[in-house]
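Colleague: Just so it is clear, I am handing over coords.json, which has JSON, C-alpha atoms.
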[["chain", "number", "residue", "atom", "x", "y", "z"],
["B", 1, "MET", "CA", -136.81, 52.81, 215.10],
["B", 2, "SER", "CA", -135.08, 49.49, 215.23],
["B", 3, "SER", "CA", -136.02, 48.81, 211.64],
["B", 4, "ILE", "CA", -134.64, 52.17, 210.50],
["B", 5, "ARG", "CA", -131.38, 51.63, 212.34],
["B", 6, "ARG", "CA", -131.05, 48.20, 210.79],
["B", 7, "TRP", "CA", -131.54, 49.69, 207.26],
["B", 8, "ARG", "CA", -128.81, 52.32, 207.78],
["B", 9, "THR", "CA", -126.50, 49.68, 209.19],
["B", 10, "SER", "CA", -127.03, 47.55, 206.16],
["B", 11, "GLN", "CA", -126.39, 50.53, 203.94],
["B", 12, "VAL", "CA", -123.11, 51.25, 205.65],
["B", 13, "ARG", "CA", -122.05, 47.66, 205.34],
["B", 14, "VAL", "CA", -122.80, 47.69, 201.66],
["B", 15, "LYS", "CA", -120.97, 50.96, 200.98],
["B", 16, "ALA", "CA", -117.84, 50.07, 202.91],
["B", 17, "PRO", "CA", -116.82, 47.11, 200.75],
["B", 18, "GLY", "CA", -117.51, 49.27, 197.57],
["B", 19, "ARG", "CA", -115.14, 51.97, 198.71],
["B", 20, "ARG", "CA", -112.37, 49.47, 199.35],
["B", 21, "ALA", "CA", -112.89, 47.94, 195.91],
["B", 22, "TRP", "CA", -112.77, 51.30, 194.25],
["B", 23, "SER", "CA", -109.58, 52.18, 196.11],
["B", 24, "TRP", "CA", -107.94, 48.93, 194.99],
["B", 25, "GLY", "CA", -109.07, 49.52, 191.41],
["B", 26, "LEU", "CA", -107.70, 53.01, 191.48],
["B", 27, "LEU", "CA", -104.41, 51.73, 192.80],
["B", 28, "LEU", "CA", -104.18, 49.01, 190.16],
["B", 29, "GLY", "CA", -105.05, 51.49, 187.39],
["B", 30, "SER", "CA", -102.37, 53.85, 188.58],
["B", 31, "ILE", "CA", -99.83, 51.04, 188.65],
["B", 32, "LEU", "CA", -100.86, 49.99, 185.12],
["B", 33, "ILE", "CA", -100.59, 53.54, 183.79],
["B", 34, "ALA", "CA", -97.20, 53.95, 185.41],
["B", 35, "ALA", "CA", -96.05, 50.66, 183.90],
["B", 36, "LEU", "CA", -97.20, 51.71, 180.43],
["B", 37, "ALA", "CA", -95.50, 55.10, 180.76],
["B", 38, "LEU", "CA", -92.30, 53.43, 181.88],
["B", 39, "SER", "CA", -92.34, 51.03, 178.94],
["B", 40, "GLY", "CA", -92.88, 53.96, 176.57],
["B", 41, "ILE", "CA", -89.89, 55.76, 178.02],
["B", 42, "ILE", "CA", -87.74, 52.66, 177.61],
["B", 43, "VAL", "CA", -88.85, 52.16, 173.98],
["B", 44, "ALA", "CA", -88.33, 55.83, 173.17],
["B", 45, "SER", "CA", -84.84, 55.74, 174.66],
["B", 46, "MET", "CA", -83.94, 52.87, 172.35],
["B", 47, "MET", "CA", -84.98, 54.72, 169.13],
["B", 48, "PRO", "CA", -82.51, 57.09, 167.28],
["B", 49, "PRO", "CA", -83.24, 60.79, 167.51],
["B", 50, "VAL", "CA", -85.37, 62.21, 164.72],
["B", 51, "ASN", "CA", -83.89, 65.01, 162.62],
["B", 52, "ALA", "CA", -86.15, 67.95, 163.19],
["B", 53, "GLN", "CA", -85.53, 69.18, 159.66],
["B", 54, "ALA", "CA", -86.76, 65.88, 158.23],
["B", 55, "VAL", "CA", -90.35, 66.71, 159.04],
["B", 56, "SER", "CA", -92.22, 69.62, 157.62],
["B", 57, "ILE", "CA", -95.72, 70.35, 158.71],
["B", 58, "VAL", "CA", -98.12, 70.47, 155.80],
["B", 59, "ASP", "CA", -101.35, 70.96, 157.73],
["B", 60, "SER", "CA", -102.83, 70.14, 161.10],
["B", 61, "ASP", "CA", -103.67, 66.58, 160.15],
["B", 62, "SER", "CA", -100.60, 65.29, 158.26],
["B", 63, "ALA", "CA", -96.83, 65.66, 157.98],
["B", 64, "THR", "CA", -94.47, 65.00, 155.06],
["B", 65, "VAL", "CA", -91.24, 63.19, 155.84],
["B", 66, "THR", "CA", -88.40, 63.98, 153.49],
["B", 67, "PRO", "CA", -86.30, 61.09, 152.22],
["B", 68, "SER", "CA", -82.84, 60.49, 153.56],
["B", 69, "ALA", "CA", -83.62, 61.65, 157.06],
["B", 70, "PHE", "CA", -80.42, 59.87, 158.00],
["B", 71, "PRO", "CA", -77.74, 60.93, 155.43],
["B", 72, "THR", "CA", -74.85, 58.56, 154.85],
["B", 73, "GLU", "CA", -71.47, 60.12, 155.57],
["B", 74, "THR", "CA", -68.62, 59.66, 153.06],
["B", 75, "GLU", "CA", -64.98, 60.57, 153.44],
["B", 76, "SER", "CA", -64.87, 62.46, 150.13],
["B", 77, "PRO", "CA", -67.41, 63.13, 147.37],
["B", 78, "SER", "CA", -67.31, 60.56, 144.60],
["B", 79, "PRO", "CA", -66.61, 62.00, 141.15],
["B", 80, "THR", "CA", -69.50, 61.99, 138.74],
["B", 81, "VAL", "CA", -68.80, 59.57, 135.90],
["B", 82, "PRO", "CA", -70.72, 60.26, 132.70],
["B", 83, "PRO", "CA", -72.70, 57.27, 131.54],
["B", 84, "SER", "CA", -71.14, 55.23, 128.77],
["B", 85, "PRO", "CA", -72.91, 55.65, 125.44],
["B", 86, "THR", "CA", -75.24, 52.84, 124.68],
["B", 87, "PRO", "CA", -74.19, 51.16, 121.44],
["B", 88, "SER", "CA", -76.90, 51.31, 118.85],
["B", 89, "SER", "CA", -77.99, 48.33, 116.87],
["B", 90, "SER", "CA", -76.91, 50.03, 113.65],
["B", 91, "PRO", "CA", -73.85, 52.19, 113.03],
["B", 92, "SER", "CA", -74.43, 55.90, 113.07],
["B", 93, "PRO", "CA", -74.41, 57.44, 109.60],
["B", 94, "THR", "CA", -71.16, 59.02, 108.54],
["B", 95, "ALA", "CA", -71.36, 62.43, 106.89],
["B", 96, "SER", "CA", -70.80, 62.04, 103.21],
["B", 97, "LEU", "CA", -67.85, 64.10, 102.07],
["B", 98, "PRO", "CA", -67.45, 65.18, 98.50],
["B", 99, "PRO", "CA", -64.86, 63.06, 96.77],
["B", 100, "THR", "CA", -61.41, 64.58, 96.65],
["B", 101, "SER", "CA", -60.65, 65.50, 93.06],
["B", 102, "THR", "CA", -57.24, 64.67, 91.66],
["B", 103, "LEU", "CA", -55.72, 67.82, 90.27],
["B", 104, "THR", "CA", -54.04, 67.36, 86.91],
["B", 105, "PRO", "CA", -52.50, 70.03, 84.74],
["B", 106, "SER", "CA", -55.09, 71.50, 82.45],
["B", 107, "LEU", "CA", -54.27, 70.81, 78.83],
["B", 108, "THR", "CA", -56.81, 73.29, 77.55],
["B", 109, "PRO", "CA", -55.28, 76.75, 77.41],
["B", 110, "SER", "CA", -56.71, 79.00, 80.09],
["B", 111, "LEU", "CA", -59.10, 81.87, 79.61],
["B", 112, "ILE", "CA", -57.79, 85.24, 78.59],
["B", 113, "PRO", "CA", -56.87, 87.61, 81.44],
["B", 114, "THR", "CA", -59.67, 90.05, 82.25],
["B", 115, "ARG", "CA", -57.21, 92.94, 82.27],
["B", 116, "PHE", "CA", -57.23, 92.89, 78.45],
["B", 117, "VAL", "CA", -60.97, 92.55, 77.86],
["B", 118, "THR", "CA", -61.61, 96.29, 77.94],
["B", 119, "ALA", "CA", -58.42, 97.28, 76.16],
["B", 120, "THR", "CA", -59.02, 99.34, 73.02],
["B", 121, "PRO", "CA", -56.07, 98.90, 70.66],
["B", 122, "GLY", "CA", -55.34, 101.42, 67.94],
["B", 123, "GLU", "CA", -55.61, 100.73, 64.24],
["B", 124, "SER", "CA", -51.96, 99.68, 64.09],
["B", 125, "ALA", "CA", -49.07, 98.91, 66.47],
["B", 126, "GLN", "CA", -45.55, 97.65, 66.11],
["B", 127, "ILE", "CA", -43.10, 96.25, 68.67],
["B", 128, "GLU", "CA", -39.41, 96.89, 68.13],
["B", 129, "GLY", "CA", -36.48, 95.13, 69.74],
["B", 130, "LEU", "CA", -37.49, 91.47, 69.57],
["B", 131, "VAL", "CA", -34.62, 89.55, 67.96],
["B", 132, "GLY", "CA", -35.28, 86.10, 66.49],
["B", 133, "HIS", "CA", -32.73, 83.33, 65.96],
["B", 134, "LYS", "CA", -32.60, 80.29, 63.74],
["B", 135, "GLN", "CA", -33.87, 77.25, 65.58],
["B", 136, "ALA", "CA", -31.16, 74.85, 66.73],
["B", 137, "MET", "CA", -32.91, 71.59, 65.71],
["B", 138, "PRO", "CA", -35.25, 70.59, 62.86],
["B", 139, "LEU", "CA", -38.39, 70.44, 65.06],
["B", 140, "SER", "CA", -37.46, 72.81, 67.91],
["B", 141, "CYS", "CA", -39.43, 75.83, 66.64],
["B", 142, "GLU", "CA", -41.50, 75.96, 69.87],
["B", 143, "ALA", "CA", -38.40, 76.06, 72.07],
["B", 144, "SER", "CA", -36.76, 78.61, 69.76],
["B", 145, "ALA", "CA", -39.78, 80.94, 69.81],
["B", 146, "ALA", "CA", -40.11, 80.55, 73.61],
["B", 147, "VAL", "CA", -36.51, 81.59, 74.37],
["B", 148, "ASP", "CA", -36.64, 84.52, 71.89],
["B", 149, "TRP", "CA", -39.90, 85.71, 73.47],
["B", 150, "ALA", "CA", -38.48, 85.38, 77.03],
["B", 151, "ALA", "CA", -35.30, 87.25, 75.97],
["B", 152, "TYR", "CA", -37.43, 90.21, 74.86],
["B", 153, "PHE", "CA", -38.65, 90.47, 78.47],
["B", 154, "GLY", "CA", -35.08, 90.21, 79.78],
["B", 155, "ILE", "CA", -35.05, 86.50, 80.73],
["B", 156, "GLN", "CA", -32.26, 84.49, 79.09],
["B", 157, "ILE", "CA", -32.85, 80.74, 78.49],
["B", 158, "ASP", "CA", -30.79, 78.25, 76.52],
["B", 159, "GLU", "CA", -32.84, 76.73, 73.69],
["B", 160, "GLU", "CA", -31.53, 73.16, 73.93],
["B", 161, "ALA", "CA", -31.84, 73.15, 77.72],
["B", 162, "PHE", "CA", -35.39, 74.43, 77.40],
["B", 163, "PHE", "CA", -36.27, 71.79, 74.81],
["B", 164, "HIS", "CA", -34.95, 68.93, 76.95],
["B", 165, "SER", "CA", -37.05, 70.16, 79.89],
["B", 166, "LEU", "CA", -40.24, 69.57, 77.88],
["B", 167, "PRO", "CA", -42.12, 66.35, 78.73],
["B", 168, "SER", "CA", -42.47, 63.67, 76.04],
["B", 169, "SER", "CA", -45.84, 62.31, 74.97],
["B", 170, "ASP", "CA", -47.83, 61.10, 71.97],
["B", 171, "ASN", "CA", -50.28, 63.88, 72.88],
["B", 172, "PRO", "CA", -48.98, 67.34, 71.84],
["B", 173, "ASP", "CA", -51.21, 68.93, 74.48],
["B", 174, "ARG", "CA", -49.15, 67.09, 77.12],
["B", 175, "GLY", "CA", -45.63, 67.02, 75.72],
["B", 176, "PHE", "CA", -43.34, 66.88, 72.73],
["B", 177, "VAL", "CA", -44.29, 64.21, 70.15],
["B", 178, "GLY", "CA", -41.54, 62.32, 68.33],
["B", 179, "ASP", "CA", -37.88, 62.92, 67.60],
["B", 180, "VAL", "CA", -36.81, 66.56, 67.44],
["B", 181, "HIS", "CA", -34.26, 65.63, 64.74],
["B", 182, "ASP", "CA", -36.85, 64.02, 62.46],
["B", 183, "SER", "CA", -38.35, 65.61, 59.34],
["B", 184, "TRP", "CA", -40.97, 68.36, 59.42],
["B", 185, "GLY", "CA", -44.55, 67.95, 58.17],
["B", 186, "GLN", "CA", -45.69, 64.76, 59.97],
["B", 187, "ILE", "CA", -48.55, 64.29, 62.43],
["B", 188, "PRO", "CA", -48.72, 62.26, 65.66],
["B", 189, "PRO", "CA", -47.86, 59.66, 66.63],
["B", 190, "ASP", "CA", -44.95, 60.39, 64.27],
["B", 191, "ALA", "CA", -42.53, 63.26, 64.88],
["B", 192, "TYR", "CA", -44.60, 66.41, 65.25],
["B", 193, "GLY", "CA", -43.81, 68.98, 67.97],
["B", 194, "VAL", "CA", -45.69, 70.37, 70.98],
["B", 195, "HIS", "CA", -48.64, 72.67, 71.64],
["B", 196, "ALA", "CA", -48.91, 75.77, 73.84],
["B", 197, "GLN", "CA", -49.69, 74.40, 77.32],
["B", 198, "PRO", "CA", -46.47, 72.43, 77.99],
["B", 199, "VAL", "CA", -44.39, 75.32, 76.60],
["B", 200, "ALA", "CA", -46.13, 77.82, 78.89],
["B", 201, "GLN", "CA", -45.60, 75.53, 81.89],
["B", 202, "MET", "CA", -41.87, 75.27, 81.22],
["B", 203, "LEU", "CA", -41.63, 79.06, 80.84],
["B", 204, "GLN", "CA", -43.45, 79.47, 84.17],
["B", 205, "ALA", "CA", -40.99, 77.05, 85.77],
["B", 206, "ARG", "CA", -38.22, 79.49, 84.81],
["B", 207, "GLY", "CA", -39.99, 82.50, 86.24],
["B", 208, "VAL", "CA", -41.55, 83.73, 82.99],
["B", 209, "PRO", "CA", -45.23, 84.71, 83.50],
["B", 210, "ALA", "CA", -46.58, 82.92, 80.42],
["B", 211, "ARG", "CA", -50.16, 81.88, 79.78],
["B", 212, "ALA", "CA", -51.45, 79.48, 77.13],
["B", 213, "VAL", "CA", -54.71, 80.59, 75.52],
["B", 214, "ARG", "CA", -56.94, 78.84, 72.97],
["B", 215, "PRO", "CA", -58.72, 80.50, 71.31],
["B", 216, "LEU", "CA", -57.24, 83.97, 71.63],
["B", 217, "PRO", "CA", -59.59, 86.60, 70.14],
["B", 218, "TRP", "CA", -58.05, 88.92, 67.55],
["B", 219, "ASP", "CA", -58.95, 92.02, 69.57],
["B", 220, "ILE", "CA", -57.03, 90.62, 72.55],
["B", 221, "LEU", "CA", -54.01, 89.83, 70.40],
["B", 222, "ARG", "CA", -54.04, 93.41, 69.10],
["B", 223, "ALA", "CA", -54.37, 94.73, 72.66],
["B", 224, "GLU", "CA", -51.31, 92.69, 73.67],
["B", 225, "ILE", "CA", -49.27, 94.13, 70.82],
["B", 226, "ALA", "CA", -50.48, 97.65, 71.58],
["B", 227, "ALA", "CA", -49.34, 97.12, 75.19],
["B", 228, "GLY", "CA", -45.82, 96.24, 73.97],
["B", 229, "GLN", "CA", -46.18, 92.51, 74.62],
["B", 230, "PRO", "CA", -45.50, 90.19, 71.64],
["B", 231, "VAL", "CA", -47.55, 87.01, 71.24],
["B", 232, "ILE", "CA", -46.40, 83.46, 70.38],
["B", 233, "ALA", "CA", -48.81, 81.96, 67.82],
["B", 234, "TRP", "CA", -49.25, 78.40, 66.50],
["B", 235, "VAL", "CA", -49.66, 78.44, 62.71],
["B", 236, "VAL", "CA", -49.17, 76.13, 59.71],
["B", 237, "GLY", "CA", -45.91, 76.39, 57.74],
["B", 238, "HIS", "CA", -44.61, 79.90, 57.37],
["B", 239, "VAL", "CA", -48.10, 81.26, 57.96],
["B", 240, "GLU", "CA", -49.71, 79.22, 55.19],
["B", 241, "GLY", "CA", -53.11, 77.60, 54.88],
["B", 242, "GLY", "CA", -53.61, 74.10, 56.28],
["B", 243, "THR", "CA", -56.10, 71.45, 57.31],
["B", 244, "PRO", "CA", -57.02, 70.50, 60.90],
["B", 245, "VAL", "CA", -56.74, 66.77, 61.58],
["B", 246, "PRO", "CA", -58.61, 65.12, 64.51],
["B", 247, "TYR", "CA", -56.30, 62.90, 66.51],
["B", 248, "THR", "CA", -56.98, 60.43, 69.34],
["B", 249, "THR", "CA", -54.06, 59.80, 71.66],
["B", 250, "SER", "CA", -53.08, 56.45, 73.19],
["B", 251, "ASP", "CA", -54.89, 57.39, 76.41],
["B", 252, "GLY", "CA", -58.12, 58.17, 74.56],
["B", 253, "GLU", "CA", -57.93, 61.97, 74.54],
["B", 254, "GLU", "CA", -58.87, 63.87, 71.41],
["B", 255, "THR", "CA", -57.12, 66.90, 69.98],
["B", 256, "ILE", "CA", -56.50, 68.69, 66.67],
["B", 257, "VAL", "CA", -53.19, 68.51, 64.85],
["B", 258, "SER", "CA", -51.96, 69.66, 61.43],
["B", 259, "ARG", "CA", -49.14, 68.91, 59.08],
["B", 260, "TYR", "CA", -46.35, 71.47, 59.17],
["B", 261, "GLU", "CA", -47.35, 72.75, 62.58],
["B", 262, "HIS", "CA", -45.13, 75.74, 63.34],
["B", 263, "THR", "CA", -44.59, 78.47, 65.94],
["B", 264, "VAL", "CA", -43.99, 82.18, 65.26],
["B", 265, "ILE", "CA", -44.07, 85.48, 67.20],
["B", 266, "VAL", "CA", -46.51, 88.25, 66.28],
["B", 267, "THR", "CA", -44.97, 91.69, 66.83],
["B", 268, "GLY", "CA", -47.22, 94.09, 64.91],
["B", 269, "TYR", "CA", -50.44, 94.66, 63.01],
["B", 270, "THR", "CA", -52.18, 97.13, 60.69],
["B", 271, "PRO", "CA", -55.75, 97.10, 59.36],
["B", 272, "GLU", "CA", -54.55, 94.79, 56.56],
["B", 273, "THR", "CA", -51.44, 92.94, 57.78],
["B", 274, "VAL", "CA", -49.56, 91.35, 60.67],
["B", 275, "THR", "CA", -45.82, 91.38, 61.34],
["B", 276, "ILE", "CA", -44.23, 87.98, 62.06],
["B", 277, "VAL", "CA", -40.87, 87.03, 63.59],
["B", 278, "ASP", "CA", -40.17, 83.50, 62.35],
["B", 279, "GLY", "CA", -36.80, 82.39, 63.65],
["B", 280, "GLU", "CA", -34.18, 84.70, 62.17],
["B", 281, "LYS", "CA", -36.67, 86.10, 59.62],
["B", 282, "THR", "CA", -39.20, 88.92, 59.96],
["B", 283, "TYR", "CA", -41.99, 89.35, 57.41],
["B", 284, "THR", "CA", -45.60, 90.48, 56.99],
["B", 285, "ARG", "CA", -48.68, 88.49, 56.04],
["B", 286, "SER", "CA", -52.18, 89.62, 55.09],
["B", 287, "LEU", "CA", -54.84, 89.36, 57.79],
["B", 288, "LYS", "CA", -56.75, 86.78, 55.79],
["B", 289, "ARG", "CA", -53.70, 84.60, 55.29],
["B", 290, "PHE", "CA", -52.81, 84.90, 58.97],
["B", 291, "PHE", "CA", -56.32, 83.99, 60.08],
["B", 292, "ASP", "CA", -56.45, 80.99, 57.71],
["B", 293, "SER", "CA", -53.19, 79.67, 59.15],
["B", 294, "TRP", "CA", -53.68, 80.57, 62.84],
["B", 295, "GLY", "CA", -57.22, 79.20, 62.86],
["B", 296, "VAL", "CA", -56.21, 75.65, 61.86],
["B", 297, "LEU", "CA", -55.06, 74.79, 65.41],
["B", 298, "GLY", "CA", -57.78, 76.83, 67.11],
["B", 299, "GLU", "CA", -56.06, 80.25, 67.38],
["B", 300, "MET", "CA", -53.66, 78.88, 69.97],
["B", 301, "ALA", "CA", -51.18, 81.32, 71.55],
["B", 302, "ILE", "CA", -49.00, 82.21, 74.55],
["B", 303, "ILE", "CA", -49.28, 85.69, 76.06],
["B", 304, "TRP", "CA", -47.41, 87.59, 78.77],
["B", 305, "ASP", "CA", -49.26, 87.27, 82.08],
["B", 306, "GLY", "CA", -47.19, 89.56, 84.27]]
Give the structure from this file in structure tokens form.
Modeller:
Amino acid sequence: MSSIRRWRTSQVRVKAPGRRAWSWGLLLGSILIAALALSGIIVASMMPPVNAQAVSIVDSDSATVTPSAFPTETESPSPTVPPSPTPSSSPSPTASLPPTSTLTPSLTPSLIPTRFVTATPGESAQIEGLVGHKQAMPLSCEASAAVDWAAYFGIQIDEEAFFHSLPSSDNPDRGFVGDVHDSWGQIPPDAYGVHAQPVAQMLQARGVPARAVRPLPWDILRAEIAAGQPVIAWVVGHVEGGTPVPYTTSDGEETIVSRYEHTVIVTGYTPETVTIVDGEKTYTRSLKRFFDSWGVLGEMAIIWDG
């Protein structure tokens, strides 16, 4: 019995110190846990609050944090400035524009008006009422014919004033060649006269709808006469035969001239003849003789373009 009692006593003595140790350990652990919790609270209080919208749950194991969880406040939005273009190492190509052409008066008589192409003249026609006058100066036949022709259409022009409005040139396709008071029958660059284009331009400047044409087909000339519109024609002499002469002007242009260049007005035709007003004279010539004379300078003419 004594041995049993001693064993229990020893067991109690062993257990008692263990319980006290466990109690102290539990107390120390509690203090440590409390200290850790307190430090966590202090640290958490020092951190800024987290924007709840900055975190979106993707799954149970991860979360995605959006940038700029803490947006910077500005007093007013800054305007968006477009970036400056970056200069290239080589200049940008410039669109090639067609060169600007310099418009100069055409010296070649214009094409015939389309309104006469389908005209069907009769076998004969005659215009009455055109009155011719003797030219005022030895070489002013072009000015004389022009003012007589304009007068037929009711437009009065002084011959000398008209002549002095013509440009001067050594090229008859551009202006009057030589001295109007010189002798007839010469060729440029001597005293000669002027071709159809400058005369038509001066008539247009006075409100007369004139058009220079070279060549003018015979059917179109007949259609003009049949329509009551006389035609100014460039011939040789008083509708005589002649010879075309090539001529190169001082500026290098080429044209055709002829001795005894002359200007008349055609007012009628038949199957065999044409009627001519030549200054103060009116006469007829055979078709062959007219064609031989008119053709020397390329069947050049002025027609009414109204």
Colleague: Restricting the calculation to only C-alpha atoms: of B:Gly178, B:Pro121, B:Pro271, B:Gly237, which residue gets closest to Ile225 (chain B)?
Modeller: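 Once distances to Ile225 (chain B) are computed over only C-alpha atoms, the minimum belongs to B:Pro121.
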Colleague: Which one is closest to Ser169 (chain B): B:Arg211, B:Gln186, B:Gln197, B:Ser250? Count only C-alpha atoms.
Modeller: B:Ser250
Colleague: State, in Å with one decimal place, the distance from CA of Thr275 (chain B) to CA of His238 (chain B).
Modeller: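 So the answer is 12.2 Å.
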Colleague: What is the CA of Gly175 (chain B)-CA of Val236 (chain B) distance in Å, reported with one decimal?
Modeller: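 These two atoms are separated by 18.8 Å.
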Colleague: Counting all atoms listed in the file, which residue out of B:Ala161, B:Pro215, B:Gln135, B:Ala205 sits closest to His181 (chain B)?
Modeller: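 Smallest separation from His181 (chain B) among the options: B:Gln135.
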Colleague: If you measure from CA of Gly306 (chain B) to CA of Ala210 (chain B), what distance in Å do you get, rounded to one decimal?
Modeller: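 So the two atoms, CA of Gly306 (chain B) and CA of Ala210 (chain B), lie 7.7 Å apart.
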Colleague: At a cut-off of 9 Å, using all atoms listed in the file, what residues contact Lys281 (chain B)? Leave out same-chain residues fewer than 4 positions from it and give the result as a count of residues only.
Modeller: 5
Colleague: Around the point (-48.5, 69.9, 76.5), in the coordinates given by the file, pick out the residues reaching within 8 Å, counting all atoms listed in the file, and return them as a list in words.
Modeller: Leu107, Pro167, Asn171, Pro172, Asp173, Arg174, Gly175, Phe176, Val194, His195, Ala196, Gln197, Pro198 and Val199 of chain B
Colleague: Since we have the selection now, will you write its residues out, keeping C-alpha atoms, as a PDB file, in the frame of the given file?
Modeller:
ATOM      1  CA  LEU B 107     -54.270  70.810  78.830  1.00  0.00           C
ATOM      2  CA  PRO B 167     -42.120  66.350  78.730  1.00  0.00           C
ATOM      3  CA  ASN B 171     -50.280  63.880  72.880  1.00  0.00           C
ATOM      4  CA  PRO B 172     -48.980  67.340  71.840  1.00  0.00           C
ATOM      5  CA  ASP B 173     -51.210  68.930  74.480  1.00  0.00           C
ATOM      6  CA  ARG B 174     -49.150  67.090  77.120  1.00  0.00           C
ATOM      7  CA  GLY B 175     -45.630  67.020  75.720  1.00  0.00           C
ATOM      8  CA  PHE B 176     -43.340  66.880  72.730  1.00  0.00           C
ATOM      9  CA  VAL B 194     -45.690  70.370  70.980  1.00  0.00           C
ATOM     10  CA  HIS B 195     -48.640  72.670  71.640  1.00  0.00           C
ATOM     11  CA  ALA B 196     -48.910  75.770  73.840  1.00  0.00           C
ATOM     12  CA  GLN B 197     -49.690  74.400  77.320  1.00  0.00           C
ATOM     13  CA  PRO B 198     -46.470  72.430  77.990  1.00  0.00           C
ATOM     14  CA  VAL B 199     -44.390  75.320  76.600  1.00  0.00           C
TER      15      VAL B 199
END
Colleague: Would you list the residues near (-51.2, 60.3, 62.0), meaning any protein, DNA or RNA residue with an atom at most 9 Å from that point in file coordinates, counting all atoms listed in the file, as a list of chain:residue names?
Modeller: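 Selection result: B:Gln186, B:Ile187, B:Pro188, B:Pro189, B:Asp190, B:Val245, B:Tyr247, B:Val257.
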Colleague: Identify which of the residues B:Ala146, B:Leu297, B:Val131, B:Ile220 lies closest to Thr243 (chain B), counting only C-alpha atoms when measuring atom-to-atom distances.
Modeller: B:Leu297
Colleague: Between B:Ile155, B:Phe291, B:Arg285, B:Thr273, which is the closest to Gly207 (chain B) once you count all atoms listed in the file?
Modeller: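 Distance minimum relative to Gly207 (chain B) lands on B:Ile155.
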Colleague: When distances are computed from all atoms listed in the file, which of B:Cys141, B:Val264, B:Ala200, B:Ile127 shows the smallest separation from Val239 (chain B)?
Modeller: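 Closest candidate: B:Val264.
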